[in-house]
$ cat query.cif   # mmCIF, C-alpha atoms and all ligand atoms
data_query
loop_
_atom_site.label_atom_id
_atom_site.label_comp_id
_atom_site.auth_asym_id
_atom_site.auth_seq_id
_atom_site.Cartn_x
_atom_site.Cartn_y
_atom_site.Cartn_z
CA MET A 1 36.17 -2.52 10.97
CA ALA A 2 34.05 -0.16 12.86
CA ARG A 3 30.91 -0.69 14.84
CA VAL A 4 27.85 1.48 14.19
CA LEU A 5 24.54 1.71 16.06
CA LEU A 6 21.48 2.75 14.07
CA THR A 7 18.97 4.22 16.52
CA GLY A 8 15.40 5.49 16.37
CA GLY A 9 14.33 3.68 13.22
CA SER A 10 12.29 0.64 12.31
CA VAL A 11 13.36 -2.65 10.77
CA LEU A 12 11.38 -4.10 7.91
CA ASP A 13 10.92 -7.87 7.94
CA VAL A 14 10.65 -8.35 4.18
CA ARG A 15 9.25 -11.88 4.47
CA ALA A 16 6.39 -11.00 6.80
CA GLY A 17 5.88 -7.42 5.68
CA ALA A 18 6.13 -6.24 9.29
CA ARG A 19 7.77 -2.95 10.29
CA THR A 20 8.99 -2.88 13.89
CA ARG A 21 10.74 -0.18 15.93
CA ALA A 22 14.26 -1.41 16.59
CA ASP A 23 17.90 -0.38 16.93
CA VAL A 24 20.50 -2.22 14.88
CA LEU A 25 24.17 -2.74 15.72
CA LEU A 26 26.60 -3.36 12.89
CA ASP A 27 29.93 -4.93 13.81
CA GLY A 28 32.42 -5.13 10.99
CA ASN A 29 30.62 -6.46 7.98
CA ARG A 30 27.84 -8.18 9.96
CA ILE A 31 24.49 -7.30 11.49
CA ALA A 32 25.48 -8.05 15.07
CA ARG A 33 22.36 -7.26 17.13
CA ILE A 34 18.79 -6.13 16.62
CA GLY A 35 17.20 -4.80 19.79
CA ARG A 36 14.10 -3.04 21.08
CA PRO A 37 14.40 0.78 21.11
CA GLY A 38 16.97 1.78 23.73
CA GLU A 39 17.84 -1.80 24.61
CA LEU A 40 21.32 -1.74 23.09
CA GLY A 41 22.13 1.86 23.89
CA ALA A 42 23.60 1.66 27.35
CA SER A 43 25.72 -1.42 26.80
CA VAL A 44 27.12 -0.58 23.38
CA ASP A 45 30.13 1.57 22.80
CA ALA A 46 29.73 2.55 19.15
CA PRO A 47 29.12 5.68 17.12
CA ARG A 48 25.39 6.30 16.62
CA VAL A 49 23.52 7.17 13.50
CA SER A 50 20.15 8.64 14.38
CA ILE A 51 17.42 7.60 11.94
CA ASP A 52 14.18 8.69 13.63
CA GLY A 53 11.12 7.80 11.58
CA GLN A 54 13.18 5.98 8.96
CA THR A 55 13.10 2.34 7.87
CA ILE A 56 15.98 -0.14 7.64
CA LEU A 57 15.73 -2.59 4.75
CA PRO A 58 18.08 -5.13 3.24
CA GLY A 59 20.13 -3.56 0.43
CA PHE A 60 18.45 -3.49 -2.96
CA SER A 61 19.54 -5.59 -5.93
CA ASN A 62 19.23 -4.80 -9.60
CA ASN A 63 19.35 -8.20 -11.26
CA HIS A 64 19.56 -7.10 -14.86
CA VAL A 65 22.26 -4.50 -15.52
CA HIS A 66 25.07 -3.83 -17.95
CA VAL A 67 27.63 -1.83 -15.99
CA GLY A 68 29.60 -0.96 -19.10
CA TRP A 69 26.68 0.75 -20.85
CA SER A 70 25.91 4.34 -20.01
CA GLY A 71 22.12 4.30 -20.53
CA MET A 72 22.28 7.86 -21.75
CA GLY A 73 21.06 8.33 -25.28
CA TRP A 74 19.80 7.00 -28.55
CA ASP A 75 21.63 7.17 -31.87
CA GLY A 76 18.65 6.62 -34.12
CA GLY A 77 19.82 3.22 -35.35
CA PRO A 78 17.95 -0.01 -34.82
CA THR A 79 19.82 -0.82 -31.61
CA GLY A 80 20.14 2.69 -30.24
CA ILE A 81 23.57 3.75 -29.11
CA LEU A 82 24.52 0.34 -27.73
CA ARG A 83 26.08 -1.16 -30.81
CA ASP A 84 28.36 1.85 -31.22
CA GLU A 85 29.30 1.84 -27.55
CA ALA A 86 30.12 -1.83 -27.75
CA LEU A 87 32.03 -1.80 -31.02
CA TYR A 88 33.94 1.47 -30.88
CA ASP A 89 34.51 2.51 -27.28
CA SER A 90 37.90 1.60 -25.89
CA ASP A 91 38.29 -0.57 -22.80
CA GLY A 92 39.33 2.58 -20.92
CA ILE A 93 36.10 4.39 -21.74
CA ASN A 94 34.11 1.29 -20.81
CA GLY A 95 35.91 1.15 -17.48
CA ILE A 96 35.13 4.78 -16.72
CA LYS A 97 31.48 4.22 -17.58
CA ALA A 98 31.37 1.22 -15.28
CA ALA A 99 32.92 3.20 -12.39
CA ALA A 100 30.36 6.00 -12.84
CA ASN A 101 27.52 3.47 -12.99
CA LEU A 102 28.62 1.78 -9.75
CA ARG A 103 28.49 5.14 -7.96
CA LYS A 104 25.08 6.01 -9.41
CA SER A 105 23.76 2.61 -8.31
CA LEU A 106 24.96 3.05 -4.73
CA ARG A 107 23.20 6.38 -4.36
CA VAL A 108 19.77 4.84 -5.03
CA GLY A 109 20.27 2.02 -2.54
CA LEU A 110 21.59 -0.74 -4.78
CA THR A 111 24.01 -2.89 -2.81
CA ALA A 112 24.15 -5.71 -5.38
CA LEU A 113 24.18 -5.76 -9.15
CA ARG A 114 23.81 -8.80 -11.37
CA ASP A 115 25.57 -7.93 -14.61
CA LEU A 116 24.44 -9.71 -17.74
CA GLY A 117 27.36 -8.94 -19.99
CA MET A 118 29.01 -6.35 -22.20
CA ARG A 119 32.48 -7.25 -23.39
CA MET A 120 34.94 -7.16 -20.47
CA SER A 121 33.61 -4.15 -18.56
CA ALA A 122 32.04 -6.05 -15.66
CA VAL A 123 35.03 -8.38 -15.32
CA ASP A 124 37.31 -5.35 -14.99
CA ALA A 125 34.88 -3.53 -12.67
CA LYS A 126 34.76 -6.54 -10.36
CA GLU A 127 38.54 -6.65 -10.22
CA ALA A 128 38.65 -2.90 -9.47
CA LEU A 129 36.20 -3.44 -6.58
CA ARG A 130 38.28 -6.35 -5.28
CA ARG A 131 41.39 -4.17 -5.26
CA GLY A 132 39.59 -1.28 -3.55
CA LEU A 133 40.23 1.09 -6.46
CA ILE A 134 36.55 2.01 -6.35
CA LYS A 135 33.64 1.36 -4.03
CA GLY A 136 30.31 0.10 -5.23
CA PRO A 137 27.62 -2.50 -4.83
CA ARG A 138 28.53 -6.19 -4.79
CA LEU A 139 28.94 -7.17 -8.38
CA PHE A 140 27.87 -10.58 -9.70
CA ILE A 141 28.99 -11.07 -13.29
CA ALA A 142 28.28 -13.21 -16.33
CA GLY A 143 31.49 -12.44 -18.20
CA LYS A 144 30.27 -12.11 -21.78
CA ALA A 145 26.77 -13.11 -22.78
CA ILE A 146 26.73 -16.11 -25.12
CA MET A 147 24.79 -15.99 -28.39
CA CYS A 148 24.76 -17.67 -31.80
CA THR A 149 26.72 -16.10 -34.65
CA GLY A 150 24.95 -12.87 -35.55
CA GLY A 151 22.52 -13.35 -32.66
CA HIS A 152 20.90 -10.63 -30.56
CA THR A 153 23.60 -8.19 -29.33
CA TRP A 154 26.37 -10.22 -31.02
CA TRP A 155 28.51 -7.08 -30.98
CA CYS A 156 29.14 -7.30 -27.26
CA GLY A 157 29.15 -11.00 -26.47
CA ARG A 158 30.71 -14.37 -27.26
CA GLU A 159 29.28 -15.90 -30.44
CA ALA A 160 29.17 -19.71 -30.26
CA ASP A 161 27.43 -22.32 -32.39
CA GLY A 162 26.83 -26.03 -31.80
CA ALA A 163 26.80 -27.86 -28.47
CA ASP A 164 30.60 -28.26 -28.25
CA GLU A 165 31.42 -24.63 -28.90
CA VAL A 166 28.68 -23.48 -26.54
CA ARG A 167 30.30 -25.62 -23.83
CA THR A 168 33.65 -23.99 -24.58
CA ALA A 169 32.03 -20.55 -24.36
CA VAL A 170 30.60 -21.39 -20.92
CA ARG A 171 34.02 -22.58 -19.73
CA GLU A 172 35.61 -19.36 -20.99
CA GLN A 173 33.24 -17.24 -18.93
CA VAL A 174 33.93 -19.29 -15.82
CA LYS A 175 37.65 -18.85 -16.50
CA LEU A 176 37.08 -15.08 -16.63
CA GLY A 177 35.42 -15.25 -13.21
CA ALA A 178 31.73 -15.51 -14.10
CA ASP A 179 29.37 -15.93 -11.16
CA HIS A 180 26.55 -16.97 -13.50
CA ILE A 181 26.06 -17.63 -17.21
CA LYS A 182 23.84 -15.65 -19.59
CA VAL A 183 22.63 -17.01 -22.92
CA ILE A 184 20.62 -15.20 -25.58
CA ALA A 185 17.78 -17.53 -26.54
CA ASN A 186 15.94 -15.37 -29.06
CA GLU A 187 15.54 -12.17 -30.99
CA ARG A 188 12.40 -12.26 -33.15
CA THR A 189 12.81 -16.04 -33.46
CA PRO A 190 14.59 -18.65 -31.31
CA GLN A 191 18.36 -18.44 -31.84
CA TYR A 192 19.52 -21.68 -30.24
CA THR A 193 18.34 -25.27 -30.51
CA VAL A 194 17.32 -27.11 -27.37
CA ASP A 195 20.47 -29.24 -27.76
CA GLU A 196 22.70 -26.18 -27.71
CA LEU A 197 20.83 -24.73 -24.73
CA ARG A 198 21.03 -28.04 -22.88
CA ALA A 199 24.81 -28.13 -23.42
CA ALA A 200 25.08 -24.62 -21.96
CA ALA A 201 22.94 -25.48 -18.92
CA ASP A 202 24.75 -28.78 -18.28
CA GLU A 203 28.15 -27.15 -18.48
CA ALA A 204 27.17 -24.23 -16.26
CA HIS A 205 25.73 -26.55 -13.62
CA ARG A 206 28.71 -28.91 -13.81
CA LEU A 207 30.91 -25.89 -13.01
CA GLY A 208 28.64 -24.80 -10.14
CA ARG A 209 27.09 -21.79 -11.86
CA ARG A 210 23.47 -20.81 -12.38
CA ILE A 211 22.37 -20.03 -15.89
CA THR A 212 19.87 -17.51 -17.17
CA ALA A 213 18.50 -16.65 -20.60
CA HIS A 214 17.30 -13.65 -22.50
CA ALA A 215 13.96 -15.23 -23.42
CA SER A 216 11.03 -13.09 -24.47
CA ILE A 217 9.05 -15.18 -26.95
CA ARG A 218 6.93 -18.29 -26.43
CA GLU A 219 9.18 -20.83 -28.22
CA ALA A 220 12.38 -19.57 -26.63
CA ILE A 221 10.89 -19.74 -23.14
CA ARG A 222 9.77 -23.30 -23.83
CA ASN A 223 13.27 -24.17 -25.05
CA VAL A 224 15.17 -22.78 -22.05
CA VAL A 225 12.77 -24.37 -19.56
CA GLU A 226 13.18 -27.71 -21.33
CA ALA A 227 16.98 -27.26 -21.35
CA GLY A 228 17.11 -26.80 -17.55
CA PHE A 229 17.81 -23.07 -17.17
CA ASP A 230 17.43 -21.55 -13.70
CA SER A 231 15.86 -18.19 -14.55
CA ILE A 232 14.48 -16.07 -17.37
CA GLU A 233 15.20 -12.45 -18.30
CA HIS A 234 12.39 -10.21 -19.61
CA GLY A 235 9.85 -13.04 -20.00
CA GLY A 236 6.95 -13.31 -22.41
CA PRO A 237 3.94 -15.43 -23.25
CA VAL A 238 4.07 -19.06 -22.11
CA ASP A 239 2.06 -22.21 -22.74
CA ASP A 240 0.28 -23.86 -19.80
CA ASP A 241 2.59 -26.87 -19.62
CA VAL A 242 5.69 -24.65 -19.63
CA LEU A 243 4.21 -22.42 -16.95
CA ALA A 244 3.51 -25.48 -14.80
CA GLN A 245 7.16 -26.54 -15.12
CA MET A 246 8.36 -23.04 -14.23
CA VAL A 247 6.33 -23.14 -11.04
CA GLU A 248 7.43 -26.66 -10.13
CA ARG A 249 11.13 -25.97 -10.75
CA ARG A 250 10.94 -22.50 -9.16
CA ILE A 251 12.30 -20.80 -12.26
CA MET A 252 12.33 -17.09 -11.46
CA VAL A 253 11.70 -14.27 -13.91
CA VAL A 254 13.38 -10.86 -14.03
CA PRO A 255 10.88 -8.55 -15.76
CA THR A 256 12.25 -5.38 -17.34
CA PHE A 257 9.68 -2.70 -18.15
CA SER A 258 12.21 0.15 -18.10
CA PRO A 259 13.69 0.12 -21.63
CA ARG A 260 10.35 0.28 -23.43
CA LEU A 261 8.89 2.68 -20.90
CA LEU A 262 11.76 5.15 -20.63
CA GLN A 263 12.70 5.05 -24.31
CA THR A 264 9.14 5.91 -25.26
CA GLU A 265 9.06 8.71 -22.70
CA ARG A 266 12.55 10.17 -23.06
CA GLY A 267 13.85 8.81 -26.35
CA PRO A 268 12.53 11.57 -28.66
CA ALA A 269 14.41 14.22 -26.67
CA ARG A 270 17.59 12.14 -26.89
CA GLY A 271 17.72 11.43 -30.57
CA MET A 272 15.25 8.56 -30.94
CA PRO A 273 13.23 9.00 -34.15
CA ALA A 274 9.66 10.19 -33.48
CA GLU A 275 8.21 7.35 -35.58
CA VAL A 276 9.94 4.75 -33.41
CA ALA A 277 8.49 6.41 -30.31
CA ALA A 278 5.03 6.53 -31.89
CA ALA A 279 5.23 2.85 -32.87
CA ARG A 280 6.12 1.94 -29.29
CA ARG A 281 3.21 3.91 -27.90
CA ARG A 282 0.82 2.16 -30.31
CA GLN A 283 2.30 -1.21 -29.34
CA ALA A 284 1.80 -0.43 -25.64
CA GLU A 285 -1.83 0.57 -26.22
CA GLN A 286 -2.60 -2.55 -28.26
CA SER A 287 -0.95 -5.04 -25.92
CA PRO A 288 -0.58 -3.65 -22.42
CA PRO A 289 2.78 -4.70 -21.03
CA GLY A 290 2.62 -7.06 -18.13
CA ALA A 291 -0.27 -9.33 -19.14
CA PHE A 292 2.07 -12.34 -19.31
CA LEU A 293 3.62 -11.38 -15.97
CA ARG A 294 0.19 -11.24 -14.31
CA ARG A 295 -0.47 -14.75 -15.56
CA MET A 296 2.89 -15.99 -14.25
CA ARG A 297 2.34 -14.34 -10.86
CA GLU A 298 -1.12 -15.85 -10.51
CA ALA A 299 0.36 -19.27 -11.29
CA GLY A 300 2.99 -18.82 -8.55
CA VAL A 301 6.16 -17.76 -10.42
CA LYS A 302 8.46 -15.52 -8.37
CA PHE A 303 9.96 -12.33 -9.78
CA ALA A 304 13.23 -10.58 -8.99
CA PHE A 305 13.89 -6.90 -9.67
CA GLY A 306 15.68 -5.70 -12.82
CA THR A 307 15.72 -2.66 -15.08
CA ASP A 308 18.11 -3.56 -17.91
CA ALA A 309 20.16 -0.59 -16.71
CA GLY A 310 22.53 0.69 -19.35
CA SER A 311 20.05 0.18 -22.19
CA PRO A 312 19.34 3.42 -24.10
CA CYS A 313 17.57 5.92 -21.81
CA VAL A 314 17.83 3.59 -18.77
CA PRO A 315 20.50 5.08 -16.48
CA HIS A 316 21.74 3.03 -13.56
CA ASP A 317 20.24 5.35 -10.93
CA GLU A 318 16.72 5.20 -12.41
CA ILE A 319 14.96 2.37 -10.57
CA MET A 320 11.74 4.03 -9.41
CA ALA A 321 10.16 3.93 -12.88
CA GLU A 322 10.43 0.13 -12.87
CA MET A 323 8.93 -0.17 -9.37
CA GLU A 324 5.96 1.99 -10.31
CA ALA A 325 5.47 0.14 -13.60
CA LEU A 326 5.40 -3.23 -11.81
CA LEU A 327 2.45 -1.98 -9.79
CA ARG A 328 0.77 0.00 -12.57
CA TYR A 329 0.76 -2.98 -14.94
CA GLU A 330 -0.18 -5.35 -12.10
CA ALA A 331 2.84 -7.60 -12.49
CA VAL A 332 2.67 -7.41 -8.66
CA THR A 333 0.03 -5.94 -6.39
CA THR A 334 1.60 -4.31 -3.31
CA PRO A 335 4.69 -2.29 -2.36
CA LEU A 336 5.79 -5.31 -0.27
CA ASP A 337 5.89 -7.39 -3.48
CA VAL A 338 8.27 -4.84 -4.99
CA ILE A 339 10.38 -4.83 -1.80
CA GLN A 340 10.63 -8.63 -1.91
CA MET A 341 11.76 -8.48 -5.54
CA LEU A 342 14.47 -5.97 -4.57
CA THR A 343 15.70 -7.99 -1.59
CA ILE A 344 14.89 -11.58 -0.62
CA HIS A 345 13.90 -12.77 -4.09
CA SER A 346 17.14 -11.35 -5.46
CA ALA A 347 19.12 -13.32 -2.90
CA GLU A 348 17.16 -16.46 -3.79
CA LEU A 349 17.83 -15.84 -7.48
CA ARG A 350 21.58 -15.78 -6.78
CA GLY A 351 21.44 -18.54 -4.18
CA ASP A 352 22.85 -16.50 -1.28
CA ALA A 353 19.77 -15.94 0.90
CA ASP A 354 21.70 -17.45 3.83
CA ARG A 355 23.93 -14.33 3.82
CA LEU A 356 21.90 -11.55 2.18
CA GLY A 357 18.35 -10.42 1.42
CA THR A 358 16.94 -9.83 4.92
CA VAL A 359 17.80 -7.77 8.01
CA GLU A 360 18.70 -10.49 10.51
CA GLU A 361 21.41 -10.96 13.11
CA GLY A 362 24.45 -12.68 11.62
CA LYS A 363 23.77 -11.66 8.04
CA LEU A 364 26.08 -9.43 6.00
CA ALA A 365 25.53 -5.73 6.66
CA ASP A 366 24.19 -4.66 3.27
CA LEU A 367 21.48 -2.21 4.30
CA VAL A 368 19.42 0.67 3.00
CA VAL A 369 17.73 3.26 5.20
CA VAL A 370 14.80 5.11 3.64
CA ASP A 371 12.80 8.06 4.95
CA GLY A 372 9.27 6.87 5.79
CA ASN A 373 7.26 3.68 5.52
CA PRO A 374 7.66 1.94 2.14
CA LEU A 375 4.84 -0.53 2.88
CA THR A 376 2.28 2.22 2.35
CA ASP A 377 3.97 4.11 -0.49
CA VAL A 378 6.42 2.55 -2.92
CA ARG A 379 7.93 5.97 -3.65
CA VAL A 380 9.46 5.95 -0.17
CA LEU A 381 11.97 3.45 -1.62
CA GLY A 382 13.35 6.41 -3.58
CA LYS A 383 14.05 8.42 -0.42
CA VAL A 384 17.38 6.77 0.36
CA ARG A 385 19.20 8.28 3.35
CA HIS A 386 21.90 5.73 4.15
CA VAL A 387 23.50 2.78 2.38
CA PHE A 388 25.84 0.21 3.89
CA VAL A 389 27.68 -2.39 1.83
CA ASP A 390 29.55 -5.09 3.73
CA GLY A 391 29.31 -2.86 6.82
CA GLU A 392 30.80 0.18 5.09
CA HIS A 393 28.78 3.38 5.34
CA LEU A 394 28.89 4.51 1.70
CA VAL A 395 25.86 6.82 1.51
CA GLU A 396 25.29 9.16 4.47
CA ASP A 397 22.28 11.48 4.73
CA GLY A 398 21.55 10.92 1.06
CA GLU A 399 25.07 11.75 -0.15
CA LEU A 400 27.83 9.48 -1.38
CA ARG A 401 30.67 9.59 1.13
CA ASP A 402 34.23 10.31 0.15
CA TRP A 403 35.67 6.94 1.08
CA TYR A 404 39.17 7.17 -0.29
CA PRO A 405 41.96 6.96 2.24
CA TRP A 406 44.24 9.17 0.15
ZN ZN B 1 19.92 -6.66 -20.90
#
$ encode --input "query.cif" --output "structure tokens" --more "lines below"
Ligand SMILES: [Zn+2]
Amino acid sequence: MARVLLTGGSVLDVRAGARTRADVLLDGNRIARIGRPGELGASVDAPRVSIDGQTILPGFSNNHVHVGWSGMGWDGGPTGILRDEALYDSDGINGIKAAANLRKSLRVGLTALRDLGMRMSAVDAKEALRRGLIKGPRLFIAGKAIMCTGGHTWWCGREADGADEVRTAVREQVKLGADHIKVIANERTPQYTVDELRAAADEAHRLGRRITAHASIREAIRNVVEAGFDSIEHGGPVDDDVLAQMVERRIMVVPTFSPRLLQTERGPARGMPAEVAAARRRQAEQSPPGAFLRRMREAGVKFAFGTDAGSPCVPHDEIMAEMEALLRYEAVTTPLDVIQMLTIHSAELRGDADRLGTVEEGKLADLVVVDGNPLTDVRVLGKVRHVFVDGEHLVEDGELRDWYPW
């Protein structure tokens, strides 16, 4: 694979929050050298990409996506358009949606997606990426999400009840190629017993997979922490003793402001009933979102970035709304916090920080180049000029490249 020299830009050290002028040489799928401005120029025979005034960051990750959901509209029902998409769309339509969503994700700088389940769409998308049928971010998949019979989003997952069947469900996902396991722990009330959750966590760990839970209410968060889960999706209120365990066991949280935020804002124009929108606005005024996240952050819990992309009104290329909401609701306090969620924390969440998540010599060349300094203005993260995945230059000057050899 080709060598490329990025010249005239700065490299962002996402751990230290330091931005330093440097040139970067990519060789194949690796970051080969990082040198002072001009240092590599004379000795390196490689095509140059001039990025004056721009900043090189590790590629971004969205850690809560559903690649098979379009994120387009709202059908007015209690679950929006999702249930219909899941129940009635053919596998072909789901595949086309996934392909479109991978392209949209690339354009905004996402070089890794952590899919949390929707029938077989992510399994098929991962296979299509492996075969080179499409290009896209790295895709880490859960197979199907696991829930109790009739549980939250039962229409797109694997229903399983009792410890034995839950174990079988975990094994099935691993057989399908799951990189991690996702369990639904609650809707309005807890939907699994601690015994069932413990069986899921034990089985996942025995098979070398991390396990995460949809957990957004106090009792469910207590249950999944007690059962040994590795991370929590959405999050919610927690008791002091549970919070202390989360900190001690480094259980990360993937907050997701986007569905509530974007559905309230855009839903009415896309078919969401006005009374649902009004109820959401009232809810937001009464209990500002993010209070529980502030408490977790102050206690020392780490967050990774996620939008729940594919949910109604949350398209896969809309990530700036989430970044701004994280700051507005004080889940985090600085643009660097957001950058860490998008990069190094994401790698830590997956367990691959030895290969990804920072711009360092020897690491995989998953990079984003943005126009400006994102440490002083988070919106700079939306000004994506170049994206490299595994050393391949897939977004050039803000445009997706035509990468097909035929
Ligand atoms: Zn989700």
$ closest_atom_pairs --input "query.cif" --of "chain A" --to "ligand ZN 1 (chain B)" --cutoff "8 Å" --atoms "only C-alpha atoms and all ligand atoms" --output "CSV"
residue,atom,partner,partner_atom,distance
A:His64,CA,B:ZN1,ZN,6.1
A:Val65,CA,B:ZN1,ZN,6.3
A:His66,CA,B:ZN1,ZN,6.6
A:Leu116,CA,B:ZN1,ZN,6.3
A:Gly117,CA,B:ZN1,ZN,7.8
A:His214,CA,B:ZN1,ZN,7.6
A:Glu233,CA,B:ZN1,ZN,7.9
A:Asp308,CA,B:ZN1,ZN,4.7
A:Ala309,CA,B:ZN1,ZN,7.4
A:Gly310,CA,B:ZN1,ZN,8.0
A:Ser311,CA,B:ZN1,ZN,7.0
$ residues_around --input "query.cif" --residues "Val166 in chain A" --least-positions-apart "3" --cutoff "10 Å" --atoms "only C-alpha atoms" --output "ChimeraX atom specification"
/A:146-148,158-163,169-172,183,196-201,203
$ residues_around --input "query.cif" --residues "range 80-91 of chain A" --least-positions-apart "3" --cutoff "10 Å" --atoms "all atoms listed in the file" --output "NGL selection string"
:A and (68-77 or 94-97 or 118-121 or 124 or 153-157 or 263 or 267 or 271-272 or 310-313)
$ atom_distance --input "query.cif" --atom1 "CA of Met323 in chain A" --atom2 "CA of Gly109 in chain A"
13.4 Å
$ atom_distance --input "query.cif" --atom1 "CA of Ala145 in chain A" --atom2 "CA of Leu261 in chain A"
23.9 Å
$ atom_distance --input "query.cif" --atom1 "CA of Glu324 in chain A" --atom2 "CA of Val380 in chain A"
11.4 Å
$ closest_residue --input "query.cif" --among "A:Leu110, A:Ala2, A:Leu293, A:Ala16" --to "Val369 in chain A" --atoms "only C-alpha atoms"
A:Leu110
$ residues_around --input "query.cif" --residues "Thr111 in chain A" --least-positions-apart "4" --cutoff "8 Å" --atoms "all atoms listed in the file" --output "list in words"
Gly59, Phe60, Ser61, Ser105, Leu106, Gly136, Pro137, Arg138, Asp366, Leu367, Val387, Phe388 and Val389 of chain A
$ write_last_selection --input "query.cif" --atoms "C-alpha atoms" --output "compact mmCIF listing (two decimals), in the frame of the given file"
# COMPACT_ATOMS: atom_id res chain seq x y z
CA GLY A 59 20.13 -3.56 0.43
CA PHE A 60 18.45 -3.49 -2.96
CA SER A 61 19.54 -5.59 -5.93
CA SER A 105 23.76 2.61 -8.31
CA LEU A 106 24.96 3.05 -4.73
CA GLY A 136 30.31 0.10 -5.23
CA PRO A 137 27.62 -2.50 -4.83
CA ARG A 138 28.53 -6.19 -4.79
CA ASP A 366 24.19 -4.66 3.27
CA LEU A 367 21.48 -2.21 4.30
CA VAL A 387 23.50 2.78 2.38
CA PHE A 388 25.84 0.21 3.89
CA VAL A 389 27.68 -2.39 1.83
$ closest_residue --input "query.cif" --among "A:Glu360, A:Asp202, A:Glu127, A:Glu330" --to "Pro288 in chain A" --atoms "all atoms listed in the file"
A:Glu330
$ closest_residue --input "query.cif" --among "A:Ala18, A:Ile31, A:Val224, A:Ala204" --to "Leu364 in chain A" --atoms "only C-alpha atoms"
A:Ile31
$ closest_residue --input "query.cif" --among "A:Glu361, A:Gly382, A:Ile134, A:Val254" --to "Asp27 in chain A" --atoms "all atoms listed in the file"
A:Glu361
$ residues_around --input "query.cif" --residues "Asp23 in chain A" --least-positions-apart "6" --cutoff "6 Å" --atoms "only C-alpha atoms" --output "PDB file with C-alpha atoms, in the coordinates of the input"
ATOM      1  CA  LEU A   6      21.480   2.750  14.070  1.00  0.00           C
ATOM      2  CA  THR A   7      18.970   4.220  16.520  1.00  0.00           C
ATOM      3  CA  ILE A  34      18.790  -6.130  16.620  1.00  0.00           C
ATOM      4  CA  GLY A  35      17.200  -4.800  19.790  1.00  0.00           C
ATOM      5  CA  PRO A  37      14.400   0.780  21.110  1.00  0.00           C
TER       6      PRO A  37
END
$ closest_residue --input "query.cif" --among "A:Gly177, A:Gly372, A:Gly92, A:Gly132" --to "Lys144 in chain A" --atoms "only C-alpha atoms"
A:Gly177
$ residues_near_point --input "query.cif" --point "(35.7, 0.3, -12.6)" --cutoff "6 Å" --atoms "all atoms listed in the file" --output "list in words"
Gly95, Ala98, Ala99, Ala125 and Ala128 of chain A
$ closest_residue --input "query.cif" --among "A:Gly236, A:Arg350, A:Gln286, A:Ala244" --to "Ile181 in chain A" --atoms "only C-alpha atoms"
A:Arg350
$ residues_near_point --input "query.cif" --point "(0.3, -19.9, -20.6)" --cutoff "9 Å" --atoms "all atoms listed in the file" --output "MDAnalysis selection string"
chainID A and resid 218 237:244 292 295:296
$ residues_around --input "query.cif" --residues "Val338 in chain A" --least-positions-apart "4" --cutoff "8 Å" --atoms "only C-alpha atoms" --output "PDB file with C-alpha atoms, in the coordinates of the input"
ATOM      1  CA  PHE A 305      13.890  -6.900  -9.670  1.00  0.00           C
ATOM      2  CA  MET A 323       8.930  -0.170  -9.370  1.00  0.00           C
ATOM      3  CA  LEU A 326       5.400  -3.230 -11.810  1.00  0.00           C
ATOM      4  CA  VAL A 332       2.670  -7.410  -8.660  1.00  0.00           C
ATOM      5  CA  THR A 334       1.600  -4.310  -3.310  1.00  0.00           C
ATOM      6  CA  LEU A 342      14.470  -5.970  -4.570  1.00  0.00           C
ATOM      7  CA  VAL A 378       6.420   2.550  -2.920  1.00  0.00           C
TER       8      VAL A 378
END
$ decode --input "query.cif" --residues "range 174-201 of chain A" --atoms "C-alpha atoms" --output "mmCIF file, in the first residue's frame"
data_model
loop_
_atom_site.group_PDB
_atom_site.id
_atom_site.type_symbol
_atom_site.label_atom_id
_atom_site.label_comp_id
_atom_site.auth_asym_id
_atom_site.auth_seq_id
_atom_site.Cartn_x
_atom_site.Cartn_y
_atom_site.Cartn_z
ATOM 1 C CA VAL A 174 -20.343 -15.062 19.050
ATOM 2 C CA LYS A 175 -21.035 -17.682 16.381
ATOM 3 C CA LEU A 176 -22.338 -14.895 14.122
ATOM 4 C CA GLY A 177 -19.076 -13.003 14.637
ATOM 5 C CA ALA A 178 -19.935 -10.648 17.499
ATOM 6 C CA ASP A 179 -17.063 -8.511 18.761
ATOM 7 C CA HIS A 180 -19.037 -7.610 21.894
ATOM 8 C CA ILE A 181 -22.373 -8.508 23.482
ATOM 9 C CA LYS A 182 -25.305 -6.153 24.082
ATOM 10 C CA VAL A 183 -28.081 -6.879 26.562
ATOM 11 C CA ILE A 184 -31.221 -4.839 27.201
ATOM 12 C CA ALA A 185 -31.489 -4.443 30.969
ATOM 13 C CA ASN A 186 -34.601 -2.279 31.215
ATOM 14 C CA GLU A 187 -37.429 -0.386 29.626
ATOM 15 C CA ARG A 188 -39.531 1.389 32.266
ATOM 16 C CA THR A 189 -38.651 -1.389 34.734
ATOM 17 C CA PRO A 190 -35.758 -3.877 34.919
ATOM 18 C CA GLN A 191 -36.233 -6.647 32.349
ATOM 19 C CA TYR A 192 -33.680 -9.198 33.516
ATOM 20 C CA THR A 193 -32.855 -10.677 36.905
ATOM 21 C CA VAL A 194 -29.328 -10.382 38.230
ATOM 22 C CA ASP A 195 -28.962 -14.148 37.694
ATOM 23 C CA GLU A 196 -29.801 -13.837 34.012
ATOM 24 C CA LEU A 197 -27.470 -10.860 33.625
ATOM 25 C CA ARG A 198 -24.684 -12.696 35.434
ATOM 26 C CA ALA A 199 -25.065 -15.664 33.069
ATOM 27 C CA ALA A 200 -24.754 -13.310 30.090
ATOM 28 C CA ALA A 201 -21.656 -11.587 31.502
#
